[in-house]
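Q: Can you read through this structure? Questions will come right after.
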Amino acid sequence: MSRSVLVTGGNRGIGLAIARAFAEAGDKVAITYRSGEPPEGFLAVKCDITDTEQVEQAYKEIEEKQGAVEVLVANAGVTRDQLLMRMSEDDFASVLETNLTGTFRVVKRANRAMLRARKGRVVLISSVVGLLGSAGQANYAASKAGLVGFARSLARELGSRNITVNVVAPGFVDTDMTRALTDEQRENIVKQVPLARYAQPEEIAASVRFLASDEAAYITGAVIPVDGGLGMGH
Ligand code: NDP
C-alpha cells in the first residue's frame with residue numbers, strides 16, 4: 001500500500017537515501033529543501049524547519065498533493081562544532097533550534113492527522129554521539145540526546161493511538177556533514193569503529209524503512225544504533 005511519507009532534509013545525504021528507499025517501495029514521498037534545485041522524483045517542498053509558518057505551509061502543500069503524512073522521518077540536522085570555551089550562545093542555541101525544536105515543530109504538525117487517522121509512524125534521526133558524547137560537539141550531542149527523551153515521551157503519549165515513535169542513531173556516515181572533517185579526523189574515527197569503516201547512507205535508510213514497516217508494528221520508543229558497533233553498550 002502506498003503511503004504518504006515526509007522526509008525532512010531529504011534533498012541530500014542520509015535524508016535523500018531514506019527518501020529513495022521509501023520511493024523504491026512504492027510510497028509517495030515528499031522531501032524538504034531550503035535552496036537550490038531539489039533532486040527529481042519526489043514532491044519537493046521548500047521549508048526551513050526553524051520557521052513554524054514554513055512548516056505549516058509545507059504540510060498544507062503535502063496534504064493537498066499527496067495526502068496527510070502517515071510516515072514522518074525527521075532527519076534535518078546541523079552541526080556547529082566548537083570547544084565549550086569558544087562555543088557562543090548562538091552556536092549552542094542555533095543547533096538546538098534546528099535539531100531539537102525543529103523536530104518538535106514537524107512532529108507536532110504531523111501528529112494532528114495521525115491522531116485523526118489513529119495510526120502513524122515517526123522516526124527521528126539522532127546520532128551515536130547523543131549518548132556517547134563528543135568533544136567539540138556539546139551542542140550537537142545535547143540536541144541528539146534530547147531527541148531520545150522527546151521520542152520516548154511521545155511513544156508513551158501516542159501509543160494508544162497506534163502511533164509509533166522511534167529513533168535511529170547512526171554512527172559516522174559518508175555525507176557532506178562528515179566530508180567536512182579533516183583526513184586525520186576521519187582516520188581517527190575509523191580506528192574506533194569495530195566495523196572499521198564509515199556507513200553508507202543507504203545502510204541508515206534500511207533501518208528507517210524497517211521501523212516504518214508493518215513488521216515493526218510492535219516497536220516504539222526504541223533507539224536503534226546503526227553505527228558499526230561504535231556505541232556498543234548504550
Ligand atoms: P547533511 O549535512 O548532508 O544534510 C543535512 C540535511 O538537513 C540537508 O538536507 C539540509 O538541508 C537539512 N537541514 C539542515 N538545517 C535545516 C533546516 N533548518 N531546515 C530544513 N532542513 C535543514 O547531513 P547528513 O545527511 O549527514 O545528516 C542527516 C541527519 O543525520 C542529521 O540529523 C545528522 O545530524 C544525522 N547524522 C549524521 C551522521 C553522519 O555521520 N553524517 C551521523 C549521525 C547522525 P539543506 O540542503 O537545505 O542545507
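By convention here, the chains of the C-alpha cells are called A, B, ... in the order presented, each chain's residues are numbered starting at 1, and ligands are numbered starting at 1 in the order presented.
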Write out as a PyMOL selection string the residues lying within 12 Å of Gly120 (chain A), counting only C-alpha atoms and excluding same-chain residues fewer than 3 positions away.

A: chain A and resi 3-6+68-73+107+110-117+123+154-155+158-166+211-214+217+220

Q: Please produce a file of the residues just selected, as a compact mmCIF listing (two decimals), in the first residue's frame, where the atoms kept are N, CA and C atoms.

A:
```
# COMPACT_ATOMS: atom_id res chain seq x y z
N ARG A 3 1.97 4.79 0.89
CA ARG A 3 1.70 5.73 1.99
C ARG A 3 2.25 7.11 1.67
N SER A 4 1.77 8.11 2.40
CA SER A 4 2.29 9.47 2.25
C SER A 4 3.42 9.65 3.26
N VAL A 5 4.62 9.84 2.74
CA VAL A 5 5.83 9.92 3.58
C VAL A 5 6.43 11.31 3.46
N LEU A 6 6.92 11.84 4.58
CA LEU A 6 7.70 13.09 4.53
C LEU A 6 9.07 12.85 5.16
N ALA A 68 -2.40 13.42 3.74
CA ALA A 68 -1.82 13.67 5.07
C ALA A 68 -0.63 12.74 5.31
N VAL A 69 0.37 13.25 5.99
CA VAL A 69 1.59 12.48 6.24
C VAL A 69 1.30 11.31 7.18
N GLU A 70 1.61 10.10 6.71
CA GLU A 70 1.41 8.89 7.52
C GLU A 70 2.71 8.40 8.13
N VAL A 71 3.81 8.73 7.44
CA VAL A 71 5.15 8.36 7.92
C VAL A 71 6.01 9.62 7.90
N LEU A 72 6.48 10.02 9.08
CA LEU A 72 7.36 11.20 9.14
C LEU A 72 8.76 10.77 9.55
N VAL A 73 9.74 11.17 8.75
CA VAL A 73 11.14 10.95 9.12
C VAL A 73 11.77 12.33 9.35
N VAL A 107 7.11 17.24 14.02
CA VAL A 107 6.38 16.11 14.62
C VAL A 107 5.02 16.59 15.11
N ALA A 110 2.65 16.95 12.23
CA ALA A 110 2.25 15.66 11.64
C ALA A 110 1.26 14.94 12.53
N ASN A 111 1.39 15.16 13.82
CA ASN A 111 0.60 14.44 14.81
C ASN A 111 -0.91 14.66 14.67
N ARG A 112 -1.25 15.87 14.22
CA ARG A 112 -2.67 16.24 14.08
C ARG A 112 -3.42 15.19 13.24
N ALA A 113 -2.91 14.94 12.04
CA ALA A 113 -3.59 14.00 11.13
C ALA A 113 -3.40 12.56 11.60
N MET A 114 -2.26 12.26 12.22
CA MET A 114 -2.02 10.88 12.69
C MET A 114 -3.02 10.52 13.79
N LEU A 115 -3.30 11.49 14.67
CA LEU A 115 -4.27 11.24 15.75
C LEU A 115 -5.64 10.95 15.17
N ARG A 116 -5.99 11.75 14.15
CA ARG A 116 -7.29 11.58 13.50
C ARG A 116 -7.38 10.21 12.83
N ALA A 117 -6.29 9.81 12.18
CA ALA A 117 -6.26 8.52 11.45
C ALA A 117 -6.09 7.34 12.40
N VAL A 123 9.87 8.55 12.82
CA VAL A 123 11.25 8.12 13.04
C VAL A 123 12.13 9.37 13.12
N LEU A 154 6.83 10.78 23.61
CA LEU A 154 5.76 10.67 22.63
C LEU A 154 5.31 9.23 22.44
N ALA A 155 6.26 8.30 22.55
CA ALA A 155 5.89 6.87 22.43
C ALA A 155 4.86 6.53 23.50
N LEU A 158 1.43 8.59 22.68
CA LEU A 158 0.69 8.30 21.45
C LEU A 158 0.47 6.82 21.16
N GLY A 159 1.06 5.97 22.00
CA GLY A 159 0.98 4.53 21.74
C GLY A 159 -0.44 4.02 21.63
N SER A 160 -1.34 4.52 22.49
CA SER A 160 -2.72 4.01 22.47
C SER A 160 -3.44 4.41 21.19
N ARG A 161 -2.87 5.35 20.44
CA ARG A 161 -3.48 5.75 19.16
C ARG A 161 -2.80 5.06 17.98
N ASN A 162 -2.02 4.04 18.26
CA ASN A 162 -1.38 3.28 17.19
C ASN A 162 -0.34 4.11 16.42
N ILE A 163 0.29 5.03 17.14
CA ILE A 163 1.36 5.82 16.53
C ILE A 163 2.67 5.40 17.20
N THR A 164 3.63 4.94 16.41
CA THR A 164 4.93 4.56 16.98
C THR A 164 5.94 5.69 16.76
N VAL A 165 6.81 5.85 17.73
CA VAL A 165 7.85 6.89 17.64
C VAL A 165 9.18 6.25 18.01
N ASN A 166 10.09 6.20 17.06
CA ASN A 166 11.38 5.55 17.28
C ASN A 166 12.52 6.44 16.82
N LEU A 211 11.55 0.42 10.49
CA LEU A 211 10.76 0.96 11.61
C LEU A 211 9.40 1.49 11.15
N ALA A 212 9.31 1.85 9.88
CA ALA A 212 8.04 2.35 9.36
C ALA A 212 7.20 1.24 8.73
N SER A 213 7.71 0.01 8.76
CA SER A 213 7.01 -1.09 8.08
C SER A 213 6.02 -1.79 9.02
N ASP A 214 5.16 -2.63 8.45
CA ASP A 214 4.22 -3.41 9.26
C ASP A 214 4.95 -4.35 10.21
N ALA A 217 5.51 -3.09 13.77
CA ALA A 217 4.33 -2.51 14.42
C ALA A 217 4.40 -2.51 15.95
N THR A 220 8.20 0.57 19.64
CA THR A 220 8.08 2.01 19.85
C THR A 220 8.98 2.44 21.00
```

Q: Let me see if you get this right: every residue at most 7 Å from ligand 1, counting only C-alpha atoms and all ligand atoms, written as a VMD selection string.

A: chain A and resid 8 to 15 32 to 35 47 to 50 75 to 79 98 to 99 125 to 128 169 to 178

Q: Restricting the calculation to only C-alpha atoms, which member of A:Ala141, A:Ala206, A:Ala23, A:Val223 is positioned closest to Leu100 (chain A)?

A: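 That would be A:Ala141, the residue with the smallest distance to Leu100 (chain A).
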
Q: Using DSSP on the backbone coordinates, identify all residues within chain A classified as alpha helix (DSSP H); present the result as a PyMOL selection string.

A: chain A and resi 13-24+52-66+89-96+102-117+129-132+138-158+176-179+183-192+201-211

Q: Please report the interatomic distance between CA of Leu16 (chain A) and CA of Tyr198 (chain A) in Å with one decimal.

A: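 Separation of CA of Leu16 (chain A) and CA of Tyr198 (chain A): 17.3 Å.
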
Q: Find the residue from A:Phe104, A:Phe210, A:Phe150, A:Phe92 that sits nearest to Val55 (chain A); use only C-alpha atoms when measuring.

A: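 Among the listed residues, the smallest separation from Val55 (chain A) belongs to A:Phe104.
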
Q: CA of Asp81 (chain A) to CA of Leu96 (chain A): how many Å, to one decimal?

A: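 For CA of Asp81 (chain A) relative to CA of Leu96 (chain A), the distance reads 12.5 Å.
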
Q: What's the 10 Å shell around Gln57 (chain A), counting only C-alpha atoms, without same-chain residues fewer than 6 positions away, as a list in words?

A: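 Counting only the stated atoms, we get Val45, Lys46, Cys47 and Glu63 of chain A.
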
Q: Using DSSP on the backbone, list every residue of region 97-177 of chain A that comes out as strand (DSSP E or B), and give them as a PyMOL selection string.

A: chain A and resi 120-125+163-170+173

Q: Find the residue from A:Gly146, A:Gly228, A:Gly102, A:Gly133 that sits nearest to Glu53 (chain A); use only C-alpha atoms when measuring.

A: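 Closest candidate: A:Gly102.
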
Q: Go through A:Gly67, A:Gln137, A:Gly36, A:Gly41 one by one, measure the shortest atom-to-atom distance of each to Phe22 (chain A) using only C-alpha atoms, and give the residue with the smallest value.

A: A:Gly41

Q: For Ser207 (chain A), which of A:Leu195, A:Val168, A:Tyr140, A:Gly231 is the closest residue, counting only C-alpha atoms?

A: A:Val168

Q: From the set A:Glu24, A:Glu64, A:Glu37, A:Thr103, which residue has the shortest atom-to-atom contact distance to Thr52 (chain A), counting only C-alpha atoms?

A: A:Thr103

Q: Could you check how far CA of Thr182 (chain A) sits from CA of Gly130 (chain A), in Å to one decimal?

A: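 Value for the CA of Thr182 (chain A)-CA of Gly130 (chain A) distance: 21.6 Å.
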